[in-house]
>>> print(open('protein-v2.txt').read())   # compact mmCIF, C-alpha atoms
# COMPACT_ATOMS: atom_id res chain seq x y z
CA MET A 1 16.62 -10.15 88.86
CA SER A 2 18.36 -8.72 91.90
CA PRO A 3 19.00 -4.97 91.79
CA PRO A 4 22.38 -3.93 90.41
CA PRO A 5 24.76 -2.06 92.70
CA ALA A 6 23.47 1.45 93.39
CA GLU A 7 26.66 2.93 92.05
CA ALA A 8 26.30 1.00 88.79
CA LEU A 9 22.89 2.20 87.56
CA PRO A 10 20.26 4.62 88.73
CA GLU A 11 16.85 3.20 89.62
CA VAL A 12 14.05 4.59 87.46
CA THR A 13 10.47 3.37 87.01
CA LEU A 14 9.40 3.28 83.38
CA PRO A 15 5.79 4.55 83.38
CA MET A 16 4.59 2.06 80.79
CA THR A 17 0.96 2.11 81.91
CA ASP A 18 0.63 5.87 82.22
CA SER A 19 -1.65 7.11 79.43
CA ASP A 20 0.09 10.50 79.22
CA PHE A 21 3.45 8.77 78.81
CA VAL A 22 2.12 6.41 76.11
CA ARG A 23 0.60 9.39 74.29
CA ASP A 24 3.91 11.29 74.25
CA PRO A 25 6.88 9.41 75.74
CA TYR A 26 9.56 11.61 74.19
CA PRO A 27 10.04 14.34 76.84
CA TRP A 28 10.38 11.70 79.57
CA LEU A 29 12.76 9.62 77.46
CA ALA A 30 14.85 12.69 76.60
CA GLU A 31 15.29 13.58 80.26
CA VAL A 32 16.35 10.07 81.25
CA ARG A 33 18.55 9.64 78.16
CA ALA A 34 20.40 12.86 78.96
CA ALA A 35 21.12 11.63 82.48
CA THR A 36 22.14 8.03 81.83
CA PRO A 37 22.70 5.47 79.05
CA ALA A 38 20.97 2.83 81.19
CA PHE A 39 18.77 2.47 84.24
CA TYR A 40 17.34 -0.30 86.39
CA ASP A 41 13.57 -0.54 86.82
CA PRO A 42 12.87 -2.26 90.16
CA ALA A 43 9.18 -2.75 89.33
CA LEU A 44 9.90 -4.63 86.10
CA GLY A 45 13.16 -6.12 87.34
CA ARG A 46 15.35 -5.31 84.38
CA VAL A 47 17.88 -2.92 82.89
CA PHE A 48 16.78 -0.51 80.15
CA LEU A 49 19.09 1.10 77.59
CA THR A 50 18.32 4.64 76.44
CA ARG A 51 20.97 5.62 73.88
CA HIS A 52 21.45 4.63 70.26
CA ALA A 53 25.03 3.38 70.57
CA GLU A 54 24.35 1.02 73.47
CA ILE A 55 21.11 -0.28 71.91
CA ALA A 56 22.77 -0.89 68.53
CA ALA A 57 25.72 -2.64 70.18
CA THR A 58 23.39 -4.92 72.13
CA LEU A 59 21.40 -5.82 69.02
CA ARG A 60 24.64 -6.90 67.31
CA ASP A 61 26.09 -8.64 70.38
CA ARG A 62 25.67 -12.41 70.11
CA ARG A 63 25.88 -12.68 73.91
CA PHE A 64 22.29 -11.42 73.91
CA GLY A 65 19.40 -13.31 72.37
CA ARG A 66 15.67 -13.30 71.78
CA SER A 67 15.52 -16.65 73.56
CA VAL A 68 17.56 -18.27 76.32
CA LEU A 69 15.91 -21.67 76.77
CA HIS A 70 18.03 -23.13 73.97
CA ARG A 71 20.96 -22.90 76.41
CA TYR A 72 19.48 -23.29 79.87
CA SER A 73 16.56 -25.08 81.47
CA ARG A 74 13.93 -23.19 83.43
CA ASP A 75 15.29 -24.80 86.61
CA GLU A 76 18.82 -23.57 85.86
CA LEU A 77 17.48 -20.07 85.35
CA GLY A 78 15.32 -20.19 88.47
CA TRP A 79 12.17 -19.64 86.39
CA PRO A 80 8.76 -21.00 87.42
CA PRO A 81 7.10 -23.67 85.26
CA PRO A 82 5.37 -22.39 82.13
CA ASP A 83 1.81 -21.17 82.58
CA PRO A 84 -0.56 -23.78 81.10
CA ALA A 85 -3.06 -21.00 80.44
CA GLN A 86 -0.89 -19.84 77.53
CA ALA A 87 0.49 -23.14 76.28
CA ALA A 88 -0.44 -22.52 72.64
CA PHE A 89 1.00 -19.00 72.72
CA ASP A 90 4.27 -20.24 74.26
CA ALA A 91 4.54 -23.04 71.69
CA PHE A 92 4.03 -20.47 68.92
CA ASN A 93 6.86 -18.32 70.30
CA THR A 94 9.11 -21.36 70.55
CA ASN A 95 8.64 -22.32 66.91
CA HIS A 96 8.91 -19.06 64.96
CA LEU A 97 12.18 -17.51 63.87
CA LEU A 98 11.84 -14.16 65.67
CA ASP A 99 12.26 -15.77 69.10
CA SER A 100 14.76 -18.45 68.12
CA GLU A 101 18.55 -18.44 68.13
CA PRO A 102 21.16 -20.24 65.98
CA PRO A 103 21.32 -22.88 64.75
CA LYS A 104 17.51 -23.04 64.69
CA HIS A 105 17.16 -19.39 63.70
CA THR A 106 19.66 -19.82 60.85
CA ARG A 107 17.74 -22.81 59.51
CA LEU A 108 14.30 -21.17 59.77
CA ARG A 109 15.41 -17.85 58.29
CA SER A 110 17.09 -19.61 55.37
CA LEU A 111 13.99 -21.66 54.58
CA VAL A 112 11.56 -18.75 54.99
CA GLY A 113 13.87 -16.55 52.95
CA LEU A 114 13.53 -18.94 50.00
CA ALA A 115 9.83 -18.07 49.89
CA PHE A 116 9.74 -14.49 51.21
CA THR A 117 12.06 -13.01 48.61
CA PRO A 118 12.68 -9.34 47.69
CA ARG A 119 11.42 -10.13 44.20
CA ARG A 120 8.13 -11.47 45.58
CA VAL A 121 7.75 -8.34 47.74
CA GLU A 122 8.52 -5.83 44.97
CA ALA A 123 6.15 -7.67 42.64
CA LEU A 124 3.35 -6.73 45.03
CA GLY A 125 3.69 -3.03 44.11
CA PRO A 126 0.97 -2.90 41.41
CA ARG A 127 -1.42 -4.97 43.53
CA ILE A 128 -0.84 -2.69 46.55
CA GLU A 129 -1.60 0.36 44.41
CA ALA A 130 -4.79 -1.25 43.11
CA LEU A 131 -5.90 -2.02 46.67
CA LEU A 132 -5.14 1.54 47.73
CA SER A 133 -7.24 2.92 44.88
CA ARG A 134 -10.13 0.70 45.96
CA GLN A 135 -9.78 1.83 49.59
CA LEU A 136 -9.71 5.50 48.66
CA ALA A 137 -12.74 5.07 46.42
CA ALA A 138 -14.60 3.42 49.29
CA LEU A 139 -13.83 6.41 51.53
CA GLY A 140 -15.53 8.67 49.01
CA GLY A 141 -15.54 12.47 48.56
CA ALA A 142 -14.27 15.02 50.99
CA GLY A 143 -16.05 13.92 54.15
CA GLY A 144 -14.47 12.99 57.44
CA PHE A 145 -13.21 9.52 58.34
CA ASP A 146 -11.08 7.66 60.84
CA LEU A 147 -7.72 7.25 59.14
CA VAL A 148 -6.79 4.24 61.30
CA SER A 149 -9.76 1.98 60.56
CA GLY A 150 -10.63 3.52 57.20
CA TYR A 151 -7.18 3.59 55.61
CA ALA A 152 -4.21 2.43 57.67
CA GLU A 153 -5.62 -0.94 58.84
CA PRO A 154 -7.20 -2.55 55.78
CA LEU A 155 -4.23 -2.55 53.40
CA PRO A 156 -1.54 -4.38 55.43
CA VAL A 157 -3.98 -7.07 56.54
CA THR A 158 -5.22 -7.55 52.97
CA VAL A 159 -1.70 -7.65 51.56
CA ILE A 160 -0.42 -10.21 54.03
CA ALA A 161 -3.60 -12.25 53.56
CA GLU A 162 -3.18 -12.24 49.79
CA LEU A 163 0.53 -12.94 50.12
CA LEU A 164 -0.14 -15.95 52.32
CA GLY A 165 -3.14 -17.10 50.31
CA VAL A 166 -5.83 -16.80 53.00
CA PRO A 167 -9.28 -16.96 51.36
CA GLU A 168 -11.23 -13.70 51.37
CA SER A 169 -14.01 -15.33 53.38
CA GLU A 170 -11.60 -15.86 56.30
CA ARG A 171 -9.77 -12.52 56.28
CA HIS A 172 -12.11 -10.68 58.63
CA GLN A 173 -10.68 -12.79 61.48
CA LEU A 174 -7.01 -11.90 60.91
CA ARG A 175 -6.84 -8.46 62.52
CA PRO A 176 -8.73 -9.53 65.70
CA TRP A 177 -6.53 -12.63 65.98
CA SER A 178 -3.37 -10.56 65.65
CA ALA A 179 -4.57 -7.94 68.15
CA ALA A 180 -5.32 -10.68 70.69
CA ILE A 181 -1.93 -12.38 70.22
CA VAL A 182 0.22 -9.24 70.50
CA ARG A 183 -1.47 -8.13 73.72
CA LEU A 184 0.56 -10.80 75.50
CA TYR A 185 3.76 -8.92 74.65
CA GLU A 186 2.72 -6.14 77.02
CA PRO A 187 3.88 -6.76 80.63
CA THR A 188 0.45 -5.78 81.98
CA TYR A 189 -1.68 -8.42 80.24
CA THR A 190 -4.61 -9.99 82.09
CA ARG A 191 -6.03 -13.50 82.39
CA ALA A 192 -8.71 -12.50 79.88
CA ASP A 193 -5.94 -11.44 77.49
CA GLN A 194 -4.34 -14.87 77.91
CA GLU A 195 -7.59 -16.61 77.09
CA GLU A 196 -8.16 -14.51 73.98
CA ALA A 197 -4.59 -15.03 72.78
CA GLU A 198 -4.86 -18.80 73.28
CA ARG A 199 -8.06 -18.93 71.23
CA ALA A 200 -6.49 -16.76 68.51
CA VAL A 201 -3.36 -18.92 68.20
CA ARG A 202 -5.42 -22.13 68.10
CA ASP A 203 -8.03 -20.83 65.65
CA PHE A 204 -5.50 -19.23 63.30
CA GLY A 205 -3.36 -22.36 63.54
CA ALA A 206 -6.30 -24.56 62.56
CA LEU A 207 -7.03 -22.41 59.50
CA LEU A 208 -3.38 -22.42 58.41
CA ARG A 209 -3.08 -26.18 58.93
CA ASP A 210 -6.01 -26.74 56.59
CA LEU A 211 -4.57 -24.33 54.01
CA ALA A 212 -1.09 -25.90 54.15
CA ARG A 213 -2.50 -29.40 53.64
CA ALA A 214 -4.61 -28.16 50.74
CA ARG A 215 -1.58 -26.51 49.11
CA ARG A 216 0.39 -29.74 49.24
CA GLY A 217 -2.24 -31.31 47.01
CA GLU A 218 -3.04 -28.24 44.90
CA PRO A 219 -0.20 -25.67 44.85
CA GLN A 220 -1.13 -22.01 44.35
CA ASP A 221 0.85 -18.86 43.64
CA ASP A 222 1.03 -17.81 47.29
CA LEU A 223 3.40 -17.77 50.23
CA ILE A 224 1.88 -20.79 51.98
CA THR A 225 2.60 -22.87 48.88
CA ALA A 226 6.11 -21.42 48.68
CA LEU A 227 6.73 -22.27 52.34
CA VAL A 228 5.36 -25.79 51.84
CA GLN A 229 7.74 -26.25 48.90
CA ALA A 230 10.78 -24.46 50.37
CA GLU A 231 13.64 -26.91 50.70
CA GLN A 232 17.34 -26.52 51.35
CA GLU A 233 19.71 -29.49 51.33
CA GLY A 234 16.79 -31.85 51.89
CA ASP A 235 15.40 -29.84 54.82
CA ARG A 236 11.85 -28.45 54.93
CA LEU A 237 9.74 -26.61 57.47
CA THR A 238 7.66 -28.88 59.68
CA GLU A 239 3.93 -28.28 59.55
CA GLN A 240 3.99 -26.56 62.95
CA GLU A 241 6.96 -24.38 61.96
CA LEU A 242 5.11 -23.34 58.82
CA ILE A 243 1.96 -22.48 60.80
CA ASP A 244 3.84 -20.45 63.40
CA THR A 245 5.85 -18.67 60.69
CA CYS A 246 2.62 -17.59 59.00
CA ILE A 247 1.15 -16.33 62.29
CA LEU A 248 4.35 -14.35 62.84
CA LEU A 249 4.18 -12.91 59.32
CA LEU A 250 0.64 -11.70 59.98
CA ASN A 251 1.53 -10.07 63.29
CA ALA A 252 4.84 -8.57 62.21
CA GLY A 253 3.59 -7.91 58.69
CA HIS A 254 1.04 -5.30 59.62
CA GLU A 255 1.56 -3.90 63.14
CA ALA A 256 4.42 -1.61 62.08
CA SER A 257 2.58 -0.59 58.91
CA VAL A 258 -0.73 0.27 60.61
CA ASN A 259 0.82 2.11 63.54
CA GLY A 260 3.63 3.66 61.50
CA LEU A 261 1.29 5.15 58.89
CA SER A 262 -1.20 6.45 61.48
CA ALA A 263 1.47 8.07 63.63
CA GLY A 264 3.26 9.38 60.54
CA VAL A 265 0.14 11.11 59.21
CA LEU A 266 -0.51 12.61 62.65
CA ALA A 267 3.02 14.06 62.65
CA LEU A 268 2.54 15.45 59.14
CA MET A 269 -0.80 17.05 60.06
CA ARG A 270 0.83 18.72 63.05
CA GLN A 271 3.73 19.98 60.91
CA ARG A 272 1.79 21.01 57.85
CA GLU A 273 4.72 22.22 55.76
CA HIS A 274 6.00 18.65 55.47
CA TRP A 275 2.64 17.39 54.27
CA GLU A 276 2.59 20.13 51.63
CA THR A 277 6.02 19.00 50.44
CA LEU A 278 4.73 15.48 49.90
CA VAL A 279 1.55 16.71 48.21
CA ALA A 280 3.61 18.78 45.77
CA ALA A 281 5.69 15.72 44.85
CA ALA A 282 2.97 13.07 44.81
CA ASP A 283 1.98 13.38 41.14
CA ARG A 284 5.49 13.74 39.81
CA GLU A 285 6.96 10.82 37.91
CA GLY A 286 9.66 9.11 39.93
CA SER A 287 8.45 10.50 43.25
CA LEU A 288 8.49 7.19 45.14
CA PRO A 289 12.11 7.56 46.40
CA LEU A 290 11.12 10.77 48.21
CA PHE A 291 8.25 8.93 49.90
CA ARG A 292 10.56 6.05 50.83
CA THR A 293 12.95 8.50 52.49
CA ALA A 294 10.03 10.21 54.22
CA VAL A 295 8.85 6.86 55.59
CA GLU A 296 12.25 6.20 57.16
CA GLU A 297 12.05 9.53 58.95
CA LEU A 298 8.48 9.03 60.11
CA LEU A 299 9.43 5.62 61.55
CA ARG A 300 12.33 7.27 63.39
CA PHE A 301 10.39 10.31 64.58
CA ASP A 302 7.50 8.37 66.16
CA THR A 303 8.46 4.74 66.57
CA PRO A 304 5.55 2.28 66.24
CA LEU A 305 7.34 -0.45 68.23
CA PRO A 306 9.08 1.56 70.96
CA LEU A 307 10.48 -1.28 73.07
CA PHE A 308 12.14 -4.62 72.37
CA GLU A 309 13.95 -6.95 74.74
CA ARG A 310 16.94 -9.28 74.74
CA TYR A 311 18.04 -11.97 77.18
CA ALA A 312 21.58 -12.20 78.51
CA LEU A 313 22.91 -15.56 77.29
CA GLU A 314 25.87 -15.56 79.65
CA GLU A 315 27.29 -13.58 82.55
CA LEU A 316 28.17 -10.16 81.20
CA GLU A 317 28.26 -6.46 81.98
CA VAL A 318 26.17 -3.74 80.38
CA CYS A 319 26.79 -0.10 81.27
CA GLY A 320 28.37 -1.18 84.55
CA ALA A 321 25.59 -3.58 85.63
CA GLU A 322 26.37 -7.28 86.01
CA LEU A 323 23.82 -9.53 84.33
CA ARG A 324 23.22 -13.24 84.81
CA PRO A 325 21.99 -15.62 82.10
CA GLY A 326 18.26 -15.22 81.52
CA GLU A 327 18.03 -11.62 82.72
CA LYS A 328 16.27 -9.26 80.33
CA VAL A 329 17.52 -5.98 78.91
CA GLY A 330 14.94 -3.52 77.59
CA LEU A 331 15.95 -1.70 74.41
CA LEU A 332 14.15 1.64 74.18
CA TYR A 333 14.05 2.07 70.40
CA ALA A 334 11.91 5.19 70.78
CA SER A 335 14.64 6.77 72.88
CA GLY A 336 17.53 5.67 70.67
CA ASN A 337 15.74 7.04 67.61
CA ARG A 338 15.74 10.51 69.20
CA ASP A 339 19.35 10.38 70.46
CA GLY A 340 21.21 13.57 69.57
CA ARG A 341 24.50 11.68 69.75
CA ARG A 342 23.45 9.85 66.57
CA PHE A 343 21.00 12.21 64.86
CA GLU A 344 21.27 15.93 64.15
CA ARG A 345 18.22 17.85 65.39
CA PRO A 346 16.67 14.59 66.66
CA ASP A 347 13.36 16.14 67.74
CA GLU A 348 12.79 17.74 64.34
CA LEU A 349 11.02 16.04 61.45
CA ASP A 350 13.25 16.04 58.37
CA LEU A 351 11.74 14.10 55.48
CA THR A 352 15.01 14.25 53.53
CA ARG A 353 17.16 12.86 56.37
CA ASP A 354 19.77 10.61 54.79
CA PRO A 355 21.42 8.52 56.07
CA ASN A 356 18.85 7.58 58.67
CA PRO A 357 20.16 4.75 60.87
CA HIS A 358 16.99 4.38 62.94
CA LEU A 359 16.45 1.29 65.05
CA THR A 360 12.82 0.61 64.17
CA PHE A 361 13.45 -2.64 62.27
CA GLY A 362 16.24 -3.79 64.57
CA LEU A 363 19.82 -4.67 63.66
CA GLY A 364 21.98 -7.75 63.42
CA LEU A 365 20.80 -11.34 63.43
CA HIS A 366 17.15 -10.52 64.07
CA TYR A 367 16.80 -7.64 61.62
CA CYS A 368 13.15 -7.59 60.52
CA LEU A 369 12.54 -9.98 57.63
CA GLY A 370 9.39 -8.06 56.68
CA ALA A 371 11.02 -4.62 56.57
CA PRO A 372 10.99 -4.40 52.73
CA LEU A 373 7.25 -5.12 52.63
CA ALA A 374 6.48 -2.61 55.40
CA ARG A 375 8.55 0.07 53.67
CA LEU A 376 6.84 -0.52 50.31
CA GLU A 377 3.36 -0.48 51.83
CA LEU A 378 4.05 2.70 53.78
CA ALA A 379 5.59 4.60 50.87
CA LEU A 380 2.80 3.68 48.45
CA SER A 381 0.09 4.37 51.06
CA LEU A 382 1.48 7.78 51.91
CA ARG A 383 1.83 8.78 48.23
CA ALA A 384 -1.69 7.60 47.37
CA LEU A 385 -3.12 9.53 50.31
CA ALA A 386 -1.28 12.71 49.33
CA ARG A 387 -2.55 12.39 45.76
CA ALA A 388 -6.15 11.71 46.74
CA TYR A 389 -6.53 14.19 49.61
CA PRO A 390 -4.04 17.04 49.32
CA GLY A 391 -6.18 19.11 51.73
CA LEU A 392 -6.25 16.43 54.41
CA ARG A 393 -6.42 17.86 57.93
CA LEU A 394 -7.30 16.85 61.47
CA VAL A 395 -10.91 17.27 62.55
CA ASP A 396 -9.72 18.75 65.85
CA PRO A 397 -6.06 19.87 65.75
CA ASP A 398 -6.08 20.55 69.50
CA ALA A 399 -7.39 17.12 70.55
CA GLU A 400 -4.97 14.63 72.07
CA PRO A 401 -5.53 11.24 70.42
CA ASP A 402 -5.94 8.03 72.38
CA TYR A 403 -3.64 5.05 71.98
CA VAL A 404 -4.41 1.35 72.11
CA GLY A 405 -2.21 -1.41 73.47
CA GLY A 406 0.65 -0.06 75.51
CA PHE A 407 4.26 0.94 75.13
CA VAL A 408 5.54 -2.26 73.50
CA ILE A 409 3.18 -2.03 70.53
CA ARG A 410 1.96 1.56 70.47
CA GLY A 411 -0.77 2.59 68.06
CA LEU A 412 -3.43 5.23 67.68
CA ALA A 413 -6.94 4.11 68.58
CA ARG A 414 -8.30 6.40 65.86
CA LEU A 415 -7.33 9.52 63.93
CA ASP A 416 -10.27 11.63 62.77
CA VAL A 417 -9.48 13.58 59.62
CA VAL A 418 -11.30 15.63 57.03
CA ALA A 419 -10.38 14.78 53.48
CA GLY A 420 -10.34 18.22 51.97
>>> encode(input="protein-v2.txt", output="structure tokens")
Amino acid sequence: MSPPPAEALPEVTLPMTDSDFVRDPYPWLAEVRAATPAFYDPALGRVFLTRHAEIAATLRDRRFGRSVLHRYSRDELGWPPPDPAQAAFDAFNTNHLLDSEPPKHTRLRSLVGLAFTPRRVEALGPRIEALLSRQLAALGGAGGFDLVSGYAEPLPVTVIAELLGVPESERHQLRPWSAAIVRLYEPTYTRADQEEAERAVRDFGALLRDLARARRGEPQDDLITALVQAEQEGDRLTEQELIDTCILLLNAGHEASVNGLSAGVLALMRQREHWETLVAAADREGSLPLFRTAVEELLRFDTPLPLFERYALEELEVCGAELRPGEKVGLLYASGNRDGRRFERPDELDLTRDPNPHLTFGLGLHYCLGAPLARLELALSLRALARAYPGLRLVDPDAEPDYVGGFVIRGLARLDVVAG
């Protein structure tokens, strides 16, 4: 992408690889957001949007898309040939609904929606609570533990595995596969990352292919069976579409939950009065709505997926910059979620904030299909934790935690807590 006219947008370098920025991006984002609704990053070669209104408008604007190759060839866009080192990863992205556009997206979302219904998600409530009880029992008494690996990670992976119908003997591979795949969404991935992601896509695909073929012969009460059977006007998912949809559901079905819960608990430990509010409500009958509202605020306050992107699908203007087809626009969800033009007291945690039009699950055509499951998991997890460990606290309140990944998928490496 050639730089926009100097008078159109300021040039700013987004410090995506700076560990201090990843640990706490909000002061930097606030400063840039106050100065401009958009900037051009010459190192990354794209425009970034900083304010809620412009991000929301872009998400709803059909002139932007998650993909552009449905309209233009790589030659027309001036893109190099695809990298054969990530052929399986690229094929996966081509086939799943998140990175597709109409009419393909419409078809895939309709078929997946037949299987991934709100009723199926809400029916998981009792099973999620049973799994949480088992997890908390495994943690034991009042000793210390890592909240990320000991509590936040196991549930979402187990839930999506049970939902899909992955045998228990195979589930230990799911989290490493997902972690390898999502590393390629960071702009700083390495050749080793490519190799690991390729292996993960191929190995997970082989497992899912075997499961899908088995379900055709012997249907089960699981999502793979439902996807195999989903049909609309004579149309079904191809085997490869089904496989790539299931890989997507694993990745999208737990990254926000793991990182959202971990970051949310960290925020509550640092602002103790809010944790005490949840503890006081946890045992009350009918308390789940409060925890659902709290989850929305925690996802706004510290966004687990701070950055998404869209392609320009035609020549257009954004904040004064002229874009050509195929050029990317970075949507800084973490910045938009702290925009004082949209939220009162945006840097304050308010667990009763309502309405809460945060951007964390997106908007428009590509609004997150798994948002209801993530919300249910997070609300039940937070309530169970408050019930079990009302005296929960950080082992070292002054320590700055480390983060894994980068700024696209931002998560705590660990969070050491004492149970009571």
>>> residues_around(input="protein-v2.txt", residues="Glu31 (chain A)", least_positions_apart="5", cutoff="12 Å", atoms="all atoms listed in the file", output="list in words")
Val12, Pro25, Tyr26, Thr36, Pro37, Thr50, Arg51, Ser335, Arg338 and Asp339 of chain A
>>> atom_distance(input="protein-v2.txt", atom1="CA of Phe407 (chain A)", atom2="CA of Leu369 (chain A)")
22.2 Å
>>> closest_residue(input="protein-v2.txt", among="A:Ile160, A:Ala334, A:Ala192, A:Leu323", to="Pro306 (chain A)", atoms="all atoms listed in the file")
A:Ala334
>>> atom_distance(input="protein-v2.txt", atom1="CA of Gly286 (chain A)", atom2="CA of Val157 (chain A)")
26.9 Å
>>> closest_residue(input="protein-v2.txt", among="A:Ala43, A:Ala312, A:Ala256, A:Leu111", to="Leu77 (chain A)", atoms="all atoms listed in the file")
A:Ala312
>>> residues_around(input="protein-v2.txt", residues="Glu327 (chain A)", least_positions_apart="5", cutoff="9 Å", atoms="all atoms listed in the file", output="list in words")
Met1, Gly45, Arg46, Val47, Leu77, Arg310, Tyr311, Ala312 and Leu313 of chain A
>>> closest_residue(input="protein-v2.txt", among="A:Thr13, A:Ser67, A:Gln86, A:Thr293", to="Glu196 (chain A)", atoms="all atoms listed in the file")
A:Gln86
>>> residues_around(input="protein-v2.txt", residues="region 152-154 of chain A", least_positions_apart="3", cutoff="9 Å", atoms="only C-alpha atoms", output="list in words")
Gln135, Leu147, Val148, Ser149, Val157, Thr158, Val159, Arg175, His254, Glu255, Ser257, Val258, Asn259, Gly260, Leu261, Ser262 and Ser381 of chain A
>>> closest_residue(input="protein-v2.txt", among="A:Phe89, A:Tyr185, A:Ala161, A:Phe301", to="Asp203 (chain A)", atoms="all atoms listed in the file")
A:Phe89
>>> closest_residue(input="protein-v2.txt", among="A:Ala130, A:Leu139, A:Ala197, A:Phe64", to="Ala85 (chain A)", atoms="all atoms listed in the file")
A:Ala197
>>> atom_distance(input="protein-v2.txt", atom1="CA of Val22 (chain A)", atom2="CA of Leu298 (chain A)")
17.4 Å
>>> closest_residue(input="protein-v2.txt", among="A:Leu382, A:His96, A:Glu76, A:Thr106", to="Thr238 (chain A)", atoms="all atoms listed in the file")
A:His96
>>> closest_atom_pairs(input="protein-v2.txt", of="region 209-304 of chain A", to="region 113-117 of chain A", cutoff="7 Å", atoms="all atoms listed in the file", output="tab-separated table")
residue	atom	partner	partner_atom	distance
A:Leu223	CA	A:Ala115	CA	6.4
A:Ala226	CA	A:Ala115	CA	5.2
A:Leu227	CA	A:Ala115	CA	5.8
A:Ala230	CA	A:Leu114	CA	6.2
>>> decode(input="protein-v2.txt", residues="region 346-359 of chain A", atoms="N, CA, C and O atoms", output="tab-separated table (two decimals), in the first residue's frame")
chain	number	residue	atom	x	y	z
A	346	PRO	N	-14.94	5.90	30.26
A	346	PRO	CA	-14.51	4.70	29.54
A	346	PRO	C	-13.37	3.94	30.20
A	346	PRO	O	-13.24	2.74	29.98
A	347	ASP	N	-12.56	4.62	31.01
A	347	ASP	CA	-11.44	3.94	31.65
A	347	ASP	C	-11.79	3.41	33.03
A	347	ASP	O	-10.91	2.90	33.73
A	348	GLU	N	-13.06	3.51	33.40
A	348	GLU	CA	-13.52	2.97	34.67
A	348	GLU	C	-14.26	1.66	34.44
A	348	GLU	O	-14.97	1.49	33.45
A	349	LEU	N	-14.10	0.74	35.37
A	349	LEU	CA	-14.82	-0.53	35.34
A	349	LEU	C	-16.16	-0.36	36.02
A	349	LEU	O	-16.23	0.02	37.19
A	350	ASP	N	-17.23	-0.61	35.27
A	350	ASP	CA	-18.59	-0.46	35.79
A	350	ASP	C	-19.36	-1.74	35.45
A	350	ASP	O	-19.84	-1.91	34.33
A	351	LEU	N	-19.49	-2.62	36.42
A	351	LEU	CA	-20.08	-3.94	36.16
A	351	LEU	C	-21.58	-3.87	35.90
A	351	LEU	O	-22.17	-4.89	35.50
A	352	THR	N	-22.19	-2.72	36.09
A	352	THR	CA	-23.62	-2.57	35.80
A	352	THR	C	-23.86	-1.77	34.52
A	352	THR	O	-24.99	-1.39	34.24
A	353	ARG	N	-22.80	-1.51	33.75
A	353	ARG	CA	-22.94	-0.69	32.54
A	353	ARG	C	-23.96	-1.32	31.59
A	353	ARG	O	-23.84	-2.46	31.16
A	354	ASP	N	-24.97	-0.54	31.26
A	354	ASP	CA	-26.03	-1.04	30.38
A	354	ASP	C	-26.78	0.17	29.80
A	354	ASP	O	-27.27	1.00	30.56
A	355	PRO	N	-26.82	0.31	28.48
A	355	PRO	CA	-26.30	-0.62	27.47
A	355	PRO	C	-24.78	-0.57	27.39
A	355	PRO	O	-24.15	0.36	27.90
A	356	ASN	N	-24.23	-1.58	26.74
A	356	ASN	CA	-22.78	-1.69	26.62
A	356	ASN	C	-22.44	-2.12	25.19
A	356	ASN	O	-22.21	-3.30	24.93
A	357	PRO	N	-22.41	-1.17	24.27
A	357	PRO	CA	-22.21	-1.51	22.85
A	357	PRO	C	-20.74	-1.73	22.48
A	357	PRO	O	-20.22	-1.13	21.55
A	358	HIS	N	-20.06	-2.62	23.24
A	358	HIS	CA	-18.66	-2.88	22.95
A	358	HIS	C	-18.52	-3.61	21.61
A	358	HIS	O	-19.47	-4.18	21.08
A	359	LEU	N	-17.31	-3.60	21.10
A	359	LEU	CA	-17.03	-4.12	19.77
A	359	LEU	C	-16.44	-5.53	19.78
A	359	LEU	O	-16.11	-6.07	18.72
